[in-house]
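Structure file work.cif with mmCIF, C-alpha atoms:
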```
data_data
loop_
_atom_site.group_PDB
_atom_site.id
_atom_site.type_symbol
_atom_site.label_atom_id
_atom_site.label_comp_id
_atom_site.auth_asym_id
_atom_site.auth_seq_id
_atom_site.Cartn_x
_atom_site.Cartn_y
_atom_site.Cartn_z
ATOM 1 C CA MET A 1 -4.528 39.480 -11.498
ATOM 2 C CA GLY A 2 -2.472 38.342 -14.476
ATOM 3 C CA THR A 3 -3.635 34.732 -14.195
ATOM 4 C CA ALA A 4 -7.342 35.591 -13.886
ATOM 5 C CA PHE A 5 -7.097 38.025 -16.811
ATOM 6 C CA ALA A 6 -5.377 35.376 -18.933
ATOM 7 C CA VAL A 7 -8.121 32.828 -18.165
ATOM 8 C CA VAL A 8 -10.772 35.348 -19.283
ATOM 9 C CA LEU A 9 -8.853 35.948 -22.538
ATOM 10 C CA VAL A 10 -8.567 32.219 -23.181
ATOM 11 C CA PHE A 11 -12.271 31.492 -22.672
ATOM 12 C CA ALA A 12 -13.610 34.578 -24.492
ATOM 13 C CA GLY A 13 -11.160 34.477 -27.384
ATOM 14 C CA CYS A 14 -10.954 30.742 -27.973
ATOM 15 C CA CYS A 15 -14.691 30.046 -27.723
ATOM 16 C CA SER A 16 -15.430 32.844 -30.218
ATOM 17 C CA ASN A 17 -12.635 31.540 -32.424
ATOM 18 C CA VAL A 18 -14.213 28.080 -32.628
ATOM 19 C CA VAL A 19 -17.475 29.584 -33.918
ATOM 20 C CA SER A 20 -15.766 31.525 -36.726
ATOM 21 C CA LEU A 21 -13.617 28.495 -37.623
ATOM 22 C CA GLU A 22 -16.632 26.232 -37.918
ATOM 23 C CA LEU A 23 -18.393 28.786 -40.138
ATOM 24 C CA LEU A 24 -15.339 28.710 -42.444
ATOM 25 C CA VAL A 25 -14.900 24.929 -42.361
ATOM 26 C CA ARG A 26 -18.554 24.334 -43.222
ATOM 27 C CA GLU A 27 -18.043 26.238 -46.480
ATOM 28 C CA PHE A 28 -14.554 24.922 -47.330
ATOM 29 C CA PRO A 29 -13.290 22.022 -45.155
ATOM 30 C CA GLY A 30 -9.803 22.403 -46.658
ATOM 31 C CA CYS A 31 -9.320 26.047 -45.647
ATOM 32 C CA GLY A 32 -7.017 25.229 -42.717
ATOM 33 C CA ASN A 33 -3.857 26.563 -44.370
ATOM 34 C CA ILE A 34 -5.213 30.024 -45.207
ATOM 35 C CA VAL A 35 -6.675 30.315 -41.689
ATOM 36 C CA THR A 36 -3.327 29.404 -40.101
ATOM 37 C CA PHE A 37 -1.427 31.793 -42.380
ATOM 38 C CA ALA A 38 -3.780 34.713 -41.628
ATOM 39 C CA GLN A 39 -3.456 34.114 -37.874
ATOM 40 C CA PHE A 40 0.332 33.967 -38.038
ATOM 41 C CA ILE A 41 0.762 37.078 -40.219
ATOM 42 C CA PHE A 42 -1.562 39.168 -38.002
ATOM 43 C CA ILE A 43 0.084 38.181 -34.704
ATOM 44 C CA ALA A 44 3.594 38.559 -36.186
ATOM 45 C CA LEU A 45 2.796 42.051 -37.491
ATOM 46 C CA GLU A 46 1.331 43.149 -34.163
ATOM 47 C CA GLY A 47 4.372 41.820 -32.294
ATOM 48 C CA PHE A 48 6.844 43.405 -34.713
ATOM 49 C CA ILE A 49 5.293 46.837 -34.110
ATOM 50 C CA PHE A 50 4.481 46.755 -30.391
ATOM 51 C CA GLU A 51 6.845 44.150 -28.907
ATOM 52 C CA THR A 52 10.105 44.423 -30.878
ATOM 53 C CA LYS A 53 9.627 48.142 -31.686
ATOM 54 C CA PHE A 54 10.191 47.493 -35.409
ATOM 55 C CA GLY A 55 13.093 45.121 -34.711
ATOM 56 C CA ARG A 56 15.039 47.468 -32.421
ATOM 57 C CA LYS A 57 14.470 45.464 -29.222
ATOM 58 C CA LYS A 58 16.754 42.458 -28.697
ATOM 59 C CA PRO A 59 15.170 39.188 -27.496
ATOM 60 C CA ALA A 60 15.685 38.169 -23.850
ATOM 61 C CA ILE A 61 15.668 34.473 -24.825
ATOM 62 C CA PRO A 62 18.207 33.360 -27.469
ATOM 63 C CA VAL A 63 16.685 33.069 -30.957
ATOM 64 C CA SER A 64 18.141 29.550 -31.288
ATOM 65 C CA ASN A 65 15.746 28.390 -28.562
ATOM 66 C CA TYR A 66 12.857 30.089 -30.324
ATOM 67 C CA VAL A 67 13.740 28.225 -33.531
ATOM 68 C CA ILE A 68 13.213 24.917 -31.708
ATOM 69 C CA MET A 69 9.949 26.130 -30.164
ATOM 70 C CA VAL A 70 8.765 27.577 -33.469
ATOM 71 C CA THR A 71 9.389 24.331 -35.334
ATOM 72 C CA MET A 72 7.122 22.518 -32.890
ATOM 73 C CA PHE A 73 4.495 25.297 -32.799
ATOM 74 C CA PHE A 74 4.284 25.630 -36.593
ATOM 75 C CA THR A 75 4.031 21.852 -37.025
ATOM 76 C CA VAL A 76 1.254 21.559 -34.432
ATOM 77 C CA SER A 77 -0.767 24.477 -35.890
ATOM 78 C CA VAL A 78 -0.579 23.280 -39.503
ATOM 79 C CA ILE A 79 -1.289 19.613 -38.699
ATOM 80 C CA ASN A 80 -4.252 20.404 -36.415
ATOM 81 C CA ASN A 81 -5.903 22.574 -39.075
ATOM 82 C CA TYR A 82 -5.006 20.269 -41.976
ATOM 83 C CA ALA A 83 -6.485 17.252 -40.149
ATOM 84 C CA LEU A 84 -9.949 18.707 -40.879
ATOM 85 C CA ASN A 85 -9.402 17.605 -44.505
ATOM 86 C CA PHE A 86 -9.491 13.951 -43.420
ATOM 87 C CA ASN A 87 -13.142 13.365 -42.442
ATOM 88 C CA ILE A 88 -12.542 14.717 -38.918
ATOM 89 C CA ALA A 89 -15.683 16.389 -37.528
ATOM 90 C CA MET A 90 -15.235 19.529 -35.421
ATOM 91 C CA PRO A 91 -16.610 17.937 -32.196
ATOM 92 C CA LEU A 92 -14.179 15.005 -32.473
ATOM 93 C CA HIS A 93 -11.399 17.451 -33.349
ATOM 94 C CA MET A 94 -12.010 19.335 -30.081
ATOM 95 C CA ILE A 95 -12.449 16.205 -27.937
ATOM 96 C CA PHE A 96 -9.302 14.595 -29.286
ATOM 97 C CA ARG A 97 -7.223 17.710 -28.665
ATOM 98 C CA SER A 98 -8.474 17.683 -25.065
ATOM 99 C CA GLY A 99 -6.145 14.713 -24.616
ATOM 100 C CA SER A 100 -3.287 17.202 -24.286
ATOM 101 C CA LEU A 101 -3.765 16.859 -20.512
ATOM 102 C CA ILE A 102 -2.713 13.214 -20.718
ATOM 103 C CA ALA A 103 0.111 13.828 -23.150
ATOM 104 C CA ASN A 104 1.470 16.633 -20.969
ATOM 105 C CA MET A 105 1.482 14.468 -17.838
ATOM 106 C CA ILE A 106 3.047 11.460 -19.562
ATOM 107 C CA LEU A 107 5.852 13.522 -21.103
ATOM 108 C CA GLY A 108 6.328 15.323 -17.778
ATOM 109 C CA ILE A 109 6.879 11.967 -16.076
ATOM 110 C CA ILE A 110 9.263 10.755 -18.784
ATOM 111 C CA LEU A 111 11.257 13.925 -19.499
ATOM 112 C CA LEU A 112 11.105 15.948 -16.273
ATOM 113 C CA LYS A 113 10.864 12.945 -13.893
ATOM 114 C CA LYS A 114 7.780 14.493 -12.305
ATOM 115 C CA ARG A 115 5.546 12.561 -9.928
ATOM 116 C CA TYR A 116 1.847 13.238 -9.450
ATOM 117 C CA SER A 117 -0.826 12.351 -6.901
ATOM 118 C CA ALA A 118 -3.146 9.367 -7.295
ATOM 119 C CA SER A 119 -6.036 11.647 -8.303
ATOM 120 C CA LYS A 120 -4.023 12.964 -11.229
ATOM 121 C CA TYR A 121 -3.155 9.477 -12.411
ATOM 122 C CA LEU A 122 -6.861 8.638 -12.181
ATOM 123 C CA SER A 123 -7.624 11.706 -14.293
ATOM 124 C CA ILE A 124 -5.327 10.302 -16.996
ATOM 125 C CA VAL A 125 -7.388 7.108 -17.091
ATOM 126 C CA LEU A 126 -10.705 8.987 -17.208
ATOM 127 C CA VAL A 127 -9.668 11.452 -19.919
ATOM 128 C CA SER A 128 -8.145 8.628 -21.989
ATOM 129 C CA THR A 129 -11.341 6.575 -21.627
ATOM 130 C CA GLY A 130 -13.562 9.504 -22.610
ATOM 131 C CA ILE A 131 -11.534 10.284 -25.724
ATOM 132 C CA PHE A 132 -11.459 6.583 -26.644
ATOM 133 C CA ILE A 133 -15.276 6.365 -26.410
ATOM 134 C CA CYS A 134 -15.779 9.469 -28.578
ATOM 135 C CA THR A 135 -13.193 8.342 -31.123
ATOM 136 C CA ILE A 136 -14.722 4.870 -31.472
ATOM 137 C CA MET A 137 -18.242 6.286 -31.891
ATOM 138 C CA SER A 138 -17.004 8.767 -34.509
ATOM 139 C CA ALA A 139 -15.274 5.915 -36.329
ATOM 140 C CA LYS A 140 -18.621 4.091 -36.399
ATOM 141 C CA GLN A 141 -20.300 7.186 -37.863
ATOM 142 C CA VAL A 142 -17.646 7.464 -40.588
ATOM 143 C CA HIS A 143 -18.114 3.774 -41.384
ATOM 144 C CA ASP A 144 -21.932 4.079 -41.500
ATOM 145 C CA VAL A 145 -21.809 7.142 -43.794
ATOM 146 C CA SER A 146 -19.178 5.669 -46.098
ATOM 147 C CA SER A 147 -21.008 2.321 -46.334
ATOM 148 C CA ASP A 148 -23.818 4.097 -48.207
ATOM 149 C CA GLY A 149 -21.492 4.316 -51.223
ATOM 150 C CA SER A 150 -19.411 1.631 -52.903
ATOM 151 C CA GLY A 151 -17.108 -0.636 -50.875
ATOM 152 C CA GLU A 152 -14.017 1.005 -52.360
ATOM 153 C CA GLN A 153 -15.250 4.520 -51.554
ATOM 154 C CA GLY A 154 -16.163 3.443 -48.011
ATOM 155 C CA PHE A 155 -12.719 1.963 -47.408
ATOM 156 C CA TYR A 156 -11.049 5.083 -48.817
ATOM 157 C CA ALA A 157 -13.123 7.376 -46.558
ATOM 158 C CA PHE A 158 -12.308 5.291 -43.489
ATOM 159 C CA MET A 159 -8.587 5.241 -44.308
ATOM 160 C CA ARG A 160 -8.620 9.045 -44.690
ATOM 161 C CA TRP A 161 -10.255 9.263 -41.268
ATOM 162 C CA LEU A 162 -7.509 7.058 -39.761
ATOM 163 C CA VAL A 163 -4.861 9.344 -41.294
ATOM 164 C CA GLY A 164 -6.624 12.310 -39.669
ATOM 165 C CA ILE A 165 -6.594 10.554 -36.279
ATOM 166 C CA ALA A 166 -2.874 9.809 -36.684
ATOM 167 C CA MET A 167 -2.231 13.488 -37.471
ATOM 168 C CA LEU A 168 -4.132 14.628 -34.371
ATOM 169 C CA THR A 169 -2.226 12.123 -32.205
ATOM 170 C CA PHE A 170 1.130 13.373 -33.466
ATOM 171 C CA ALA A 171 0.110 17.025 -32.954
ATOM 172 C CA LEU A 172 -1.097 16.165 -29.437
ATOM 173 C CA LEU A 173 2.275 14.766 -28.380
ATOM 174 C CA MET A 174 4.205 17.548 -30.122
ATOM 175 C CA SER A 175 2.078 20.198 -28.379
ATOM 176 C CA ALA A 176 2.735 18.621 -24.970
ATOM 177 C CA ARG A 177 6.471 18.514 -25.680
ATOM 178 C CA MET A 178 6.389 22.193 -26.641
ATOM 179 C CA GLY A 179 4.642 23.084 -23.367
ATOM 180 C CA ILE A 180 7.360 21.378 -21.340
ATOM 181 C CA PHE A 181 10.069 23.052 -23.429
ATOM 182 C CA GLN A 182 8.463 26.467 -22.771
ATOM 183 C CA GLU A 183 8.301 25.770 -19.043
ATOM 184 C CA THR A 184 12.033 24.950 -18.873
ATOM 185 C CA LEU A 185 12.904 28.039 -20.952
ATOM 186 C CA TYR A 186 10.964 30.388 -18.671
ATOM 187 C CA LYS A 187 12.659 28.903 -15.605
ATOM 188 C CA GLN A 188 16.065 29.594 -17.170
ATOM 189 C CA TYR A 189 15.535 33.004 -18.809
ATOM 190 C CA GLY A 190 12.493 34.458 -17.037
ATOM 191 C CA LYS A 191 8.933 35.126 -18.231
ATOM 192 C CA HIS A 192 8.580 36.823 -21.628
ATOM 193 C CA SER A 193 5.120 35.900 -22.946
ATOM 194 C CA LYS A 194 4.779 38.727 -25.505
ATOM 195 C CA GLU A 195 8.232 38.061 -26.923
ATOM 196 C CA ALA A 196 7.528 34.327 -27.195
ATOM 197 C CA LEU A 197 4.188 35.063 -28.875
ATOM 198 C CA PHE A 198 5.909 37.205 -31.523
ATOM 199 C CA TYR A 199 8.764 34.830 -32.372
ATOM 200 C CA ASN A 200 6.468 31.801 -32.435
ATOM 201 C CA HIS A 201 4.458 33.481 -35.193
ATOM 202 C CA PHE A 202 7.150 35.473 -37.013
ATOM 203 C CA LEU A 203 9.858 32.849 -37.550
ATOM 204 C CA PRO A 204 7.583 30.230 -39.220
ATOM 205 C CA LEU A 205 6.280 32.625 -41.919
ATOM 206 C CA PRO A 206 8.726 31.408 -44.644
ATOM 207 C CA GLY A 207 7.321 27.906 -44.127
ATOM 208 C CA PHE A 208 4.019 29.014 -45.644
ATOM 209 C CA LEU A 209 5.734 29.269 -49.041
ATOM 210 C CA LEU A 210 5.332 25.483 -49.168
ATOM 211 C CA LEU A 211 1.567 26.011 -48.867
ATOM 212 C CA SER A 212 1.331 29.056 -51.152
ATOM 213 C CA THR A 213 -0.632 27.337 -53.939
ATOM 214 C CA ASP A 214 -3.334 26.109 -51.568
ATOM 215 C CA ILE A 215 -3.509 29.508 -49.829
ATOM 216 C CA TYR A 216 -3.844 31.332 -53.186
ATOM 217 C CA ASN A 217 -6.628 28.993 -54.350
ATOM 218 C CA HIS A 218 -8.600 29.574 -51.167
ATOM 219 C CA CYS A 219 -8.119 33.340 -51.489
ATOM 220 C CA ASN A 220 -9.956 33.115 -54.818
ATOM 221 C CA LEU A 221 -12.676 30.920 -53.296
ATOM 222 C CA PHE A 222 -13.146 33.319 -50.374
ATOM 223 C CA SER A 223 -13.441 36.277 -52.763
ATOM 224 C CA GLN A 224 -16.274 34.506 -54.603
ATOM 225 C CA SER A 225 -18.384 34.063 -51.445
ATOM 226 C CA THR A 226 -21.603 36.006 -50.787
ATOM 227 C CA PRO A 227 -20.953 39.744 -50.192
ATOM 228 C CA VAL A 228 -22.241 41.296 -46.958
ATOM 229 C CA VAL A 229 -22.262 44.833 -45.553
ATOM 230 C CA VAL A 230 -20.029 45.264 -42.496
ATOM 231 C CA PRO A 231 -21.949 47.041 -39.696
ATOM 232 C CA VAL A 232 -20.770 50.537 -38.651
ATOM 233 C CA VAL A 233 -18.087 50.675 -41.371
ATOM 234 C CA GLY A 234 -20.576 50.222 -44.208
ATOM 235 C CA LEU A 235 -18.127 48.350 -46.469
ATOM 236 C CA THR A 236 -19.263 45.410 -48.589
ATOM 237 C CA VAL A 237 -16.946 42.391 -48.351
ATOM 238 C CA PRO A 238 -17.252 38.658 -49.157
ATOM 239 C CA ILE A 239 -18.645 36.960 -46.061
ATOM 240 C CA LEU A 240 -15.828 34.402 -45.761
ATOM 241 C CA TRP A 241 -13.244 37.191 -45.555
ATOM 242 C CA LEU A 242 -15.304 38.670 -42.708
ATOM 243 C CA TYR A 243 -15.380 35.301 -40.937
ATOM 244 C CA LEU A 244 -11.606 35.040 -41.413
ATOM 245 C CA LEU A 245 -11.049 38.494 -39.906
ATOM 246 C CA VAL A 246 -13.128 37.557 -36.852
ATOM 247 C CA ASN A 247 -11.204 34.284 -36.599
ATOM 248 C CA VAL A 248 -7.832 36.054 -36.705
ATOM 249 C CA ILE A 249 -8.753 38.622 -34.037
ATOM 250 C CA THR A 250 -10.262 36.045 -31.671
ATOM 251 C CA GLN A 251 -7.257 33.755 -32.211
ATOM 252 C CA TYR A 252 -4.979 36.606 -31.166
ATOM 253 C CA VAL A 253 -6.992 37.150 -27.978
ATOM 254 C CA CYS A 254 -6.967 33.403 -27.279
ATOM 255 C CA ILE A 255 -3.267 32.784 -27.926
ATOM 256 C CA ARG A 256 -2.308 35.925 -25.984
ATOM 257 C CA GLY A 257 -4.134 34.516 -22.971
ATOM 258 C CA VAL A 258 -2.440 31.136 -23.358
ATOM 259 C CA PHE A 259 1.036 32.672 -23.542
ATOM 260 C CA ILE A 260 0.347 34.790 -20.422
ATOM 261 C CA LEU A 261 -0.719 31.612 -18.621
ATOM 262 C CA THR A 262 2.515 29.856 -19.614
ATOM 263 C CA THR A 263 4.467 32.531 -17.746
ATOM 264 C CA GLU A 264 2.208 32.446 -14.659
ATOM 265 C CA CYS A 265 1.464 28.720 -14.199
ATOM 266 C CA PRO A 266 3.055 25.276 -14.728
ATOM 267 C CA SER A 267 2.469 23.671 -18.135
ATOM 268 C CA LEU A 268 -0.019 21.160 -16.681
ATOM 269 C CA THR A 269 -2.162 23.980 -15.261
ATOM 270 C CA VAL A 270 -2.129 25.729 -18.641
ATOM 271 C CA THR A 271 -3.197 22.478 -20.262
ATOM 272 C CA LEU A 272 -6.112 22.120 -17.835
ATOM 273 C CA VAL A 273 -7.435 25.637 -18.512
ATOM 274 C CA VAL A 274 -7.198 25.081 -22.273
ATOM 275 C CA THR A 275 -8.908 21.682 -21.913
ATOM 276 C CA LEU A 276 -11.843 23.186 -20.011
ATOM 277 C CA ARG A 277 -12.143 25.873 -22.671
ATOM 278 C CA LYS A 278 -12.333 23.158 -25.323
ATOM 279 C CA PHE A 279 -15.139 21.468 -23.410
ATOM 280 C CA PHE A 280 -17.286 24.610 -23.399
ATOM 281 C CA SER A 281 -16.465 25.228 -27.066
ATOM 282 C CA LEU A 282 -17.557 21.672 -27.814
ATOM 283 C CA ILE A 283 -20.921 22.089 -26.080
ATOM 284 C CA PHE A 284 -21.548 25.338 -27.947
ATOM 285 C CA SER A 285 -20.570 23.759 -31.275
ATOM 286 C CA ILE A 286 -23.012 20.888 -30.744
ATOM 287 C CA LEU A 287 -25.930 23.070 -29.659
ATOM 288 C CA TYR A 288 -25.469 25.991 -32.079
ATOM 289 C CA PHE A 289 -24.348 24.127 -35.201
ATOM 290 C CA GLN A 290 -26.349 20.957 -34.422
ATOM 291 C CA ASN A 291 -23.391 18.674 -35.077
ATOM 292 C CA PRO A 292 -24.165 14.931 -34.898
ATOM 293 C CA PHE A 293 -23.599 13.810 -31.318
ATOM 294 C CA THR A 294 -24.853 10.493 -29.921
ATOM 295 C CA ALA A 295 -25.535 9.502 -26.320
ATOM 296 C CA TRP A 296 -22.162 7.746 -26.265
ATOM 297 C CA HIS A 297 -20.476 10.967 -27.339
ATOM 298 C CA TRP A 298 -22.088 12.688 -24.351
ATOM 299 C CA VAL A 299 -20.850 9.892 -22.072
ATOM 300 C CA GLY A 300 -17.321 10.237 -23.434
ATOM 301 C CA THR A 301 -17.413 14.018 -23.103
ATOM 302 C CA ALA A 302 -18.668 13.792 -19.500
ATOM 303 C CA VAL A 303 -15.868 11.350 -18.619
ATOM 304 C CA VAL A 304 -13.298 13.728 -20.153
ATOM 305 C CA PHE A 305 -14.748 16.617 -18.155
ATOM 306 C CA VAL A 306 -14.798 14.688 -14.850
ATOM 307 C CA GLY A 307 -11.236 13.523 -15.426
ATOM 308 C CA THR A 308 -10.142 17.081 -16.079
ATOM 309 C CA LEU A 309 -11.835 18.419 -12.947
ATOM 310 C CA LEU A 310 -9.912 15.907 -10.823
ATOM 311 C CA TYR A 311 -6.969 18.194 -11.264
ATOM 312 C CA THR A 312 -8.569 20.751 -8.936
ATOM 313 C CA GLU A 313 -5.258 21.830 -7.445
ATOM 314 C CA VAL A 314 -5.116 24.277 -10.335
ATOM 315 C CA TRP A 315 -7.117 26.752 -8.270
ATOM 316 C CA SER A 316 -4.736 26.555 -5.306
ATOM 317 C CA SER A 317 -1.850 27.116 -7.713
ATOM 318 C CA MET A 318 -3.605 30.198 -9.140
ATOM 319 C CA ARG A 319 -4.336 31.784 -5.747
ATOM 320 C CA PRO A 320 -0.690 32.372 -4.772
ATOM 321 C CA ALA A 321 -0.179 34.200 -8.056
ATOM 322 C CA GLN A 322 -3.181 36.403 -7.306
ATOM 323 C CA VAL A 323 -1.935 37.082 -3.746
ATOM 324 C CA LYS A 324 1.459 38.124 -5.126
ATOM 325 C CA ASP A 325 -0.236 40.510 -7.564
ATOM 326 C CA LYS A 326 -2.194 42.129 -4.714
ATOM 327 C CA LYS A 327 0.966 42.587 -2.660
ATOM 328 C CA THR A 328 2.736 44.307 -5.525
ATOM 329 C CA GLU A 329 -0.189 46.681 -6.184
#
```
Go through the file and emit its structure as structure tokens.
Amino acid sequence: MGTAFAVVLVFAGCCSNVVSLELLVREFPGCGNIVTFAQFIFIALEGFIFETKFGRKKPAIPVSNYVIMVTMFFTVSVINNYALNFNIAMPLHMIFRSGSLIANMILGIILLKKRYSASKYLSIVLVSTGIFICTIMSAKQVHDVSSDGSGEQGFYAFMRWLVGIAMLTFALLMSARMGIFQETLYKQYGKHSKEALFYNHFLPLPGFLLLSTDIYNHCNLFSQSTPVVVPVVGLTVPILWLYLLVNVITQYVCIRGVFILTTECPSLTVTLVVTLRKFFSLIFSILYFQNPFTAWHWVGTAVVFVGTLLYTEVWSSMRPAQVKDKKTE
């Protein structure tokens, strides 16, 4: 029951979150820092009240381990959102992050000495190929758009895009390493998804002081956006603040589902579920927002999807968890 419920949270929350994020990014592409800060402060506040009972409950996992996890989590969150400042389109952003399946498997082989079946190794090749196709085609689009201006401007735009790709690559590997670290922690100390969710969002808050100027500037920009009347409540608020509120709530639902999954399934299974969610978010983003997407992008996306589905043992790994839940009921 817990696994199925977590999957529903991931798909419902994360897909809705992508829509609100794209609405924000279309107005201000550099709003990643304020979005990340709002998500962290909301989840930390909720956890402080309901999980730690206003700080009275002691953590089951040593805080020193959470500091390591938090450093990785904060870095991944900030870099992924900040990469949107570097000519990275939302569809490419989602496709590239789908490569976490590969990164997770490679680090699992290197760090945990895991061995996988031939079908899983084949899935690595397919997902890698699909992401490579989409990345190359997006690079061509950046080059074609930038070539309309001067040579110097075109080169500058392309170099910014390469920096964005490098940032996404680093965040991809760091995210996979964090997943493996979480898996080893839960094996040692037991499953504590709500506690991990709180500390992963509470401990990094001082780090946002480094981004305070950018966050403050975007607060002013958000306040100047078109006012709208909130249904039912009847309050009039700037529309970007409304989008941000929706983004924060849906992010909480999404991340809550992911953290439940980390306690119920191996890290590779979690990665697969998240990857499939990204695929559906990508399709919705293309159709609803009419993002530029060529035939080659569709080919690359299909290859990523097929490669992901090769890891079908995820369902057999979820069934035992559901059987256990039924026995306990």
So which residues touch region 256-266 of chain A within 7 Å, counting all atoms listed in the file, skipping near sequence neighbours fewer than 4 positions away, as JSON, numbers by chain? {"A": [3, 6, 7, 9, 10, 183, 186, 191, 193, 197, 252, 270]}
Region 19-33 of chain A: axis-aligned bounding box, 5 Å on each side, centre and edge lengths in Å, one decimal, as JSON:
```
{"center_x": -11.2, "center_y": 26.8, "center_z": -40.6, "size_x": 24.7, "size_y": 19.5, "size_z": 23.4}
```
For this structure, which residues satisfy the selection - the PyMOL selection byres ((chain A and resi 173) around 12) - when it is evaluated on the file as given? I want them as an MDAnalysis selection string. chainID A and resid 72:73 75:76 79:80 96:108 166:172 174:180
Shell around Ala12 (chain A) at 12 Å using only C-alpha atoms, local window under 6 positions removed, as a list of chain:residue names: A:Phe5, A:Ala6, A:Val18, A:Val19, A:Ile249, A:Thr250, A:Gln251, A:Tyr252, A:Val253, A:Cys254, A:Ile255, A:Arg256, A:Gly257, A:Val258, A:Val274, A:Arg277, A:Lys278, A:Phe280, A:Ser281
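This file, queried with the PyMOL selection byres ((chain A and resi 34) around 8), gives the residues Cys31, Gly32, Asn33, Val35, Thr36, Phe37, Ala38, Asp214, Ile215, His218 and Cys219 of chain A.
Nearest to Ala89 (chain A) of all the residues A:Pro59, A:Gly164, A:Pro206, A:Gly190 is A:Gly164, counting all atoms listed in the file.
The two atoms in question, CA of Ala302 (chain A) and CA of Ile165 (chain A), are spaced 20.9 Å apart.
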So that I can check the surroundings of region 66-70 of chain A, please list as a ChimeraX atom specification every protein, DNA and RNA residue that reaches within 7 Å of it, counting all atoms listed in the file and ignoring chain neighbours fewer than 2 positions away. /A:62-64,72-74,178,199-200,203-204
Can you find the residues with an atom no farther than 9 Å from (-11.6, 8.2, -22.0), counting only C-alpha atoms, and report them as number ranges by chain? A: 99, 124-134, 300-301, 303-304, 307
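Against this structure, the PyMOL selection byres ((chain A and resi 46) around 12) ends up with Gln39, Phe40, Ile41, Phe42, Ile43, Ala44, Leu45, Gly47, Phe48, Ile49, Phe50, Glu51, Thr52, Lys53, Phe54, Gly55, Lys194, Glu195, Leu197, Phe198, Tyr199, His201, Phe202, Val248, Ile249, Tyr252, Val253 and Arg256 of chain A.
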Best match for closeness to Leu287 (chain A) among A:Pro91, A:Asn81, A:Asn220, A:Pro238, counting all atoms listed in the file: A:Pro91
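Reported to one decimal place, the separation of CA of Gln153 (chain A) from CA of Tyr216 (chain A) is 29.2 Å.
Using all atoms listed in the file for every distance, the candidate list A:Ala83, A:Ile95, A:Leu272, A:Ala60 yields A:Ile95 as the residue closest to Ser285 (chain A).
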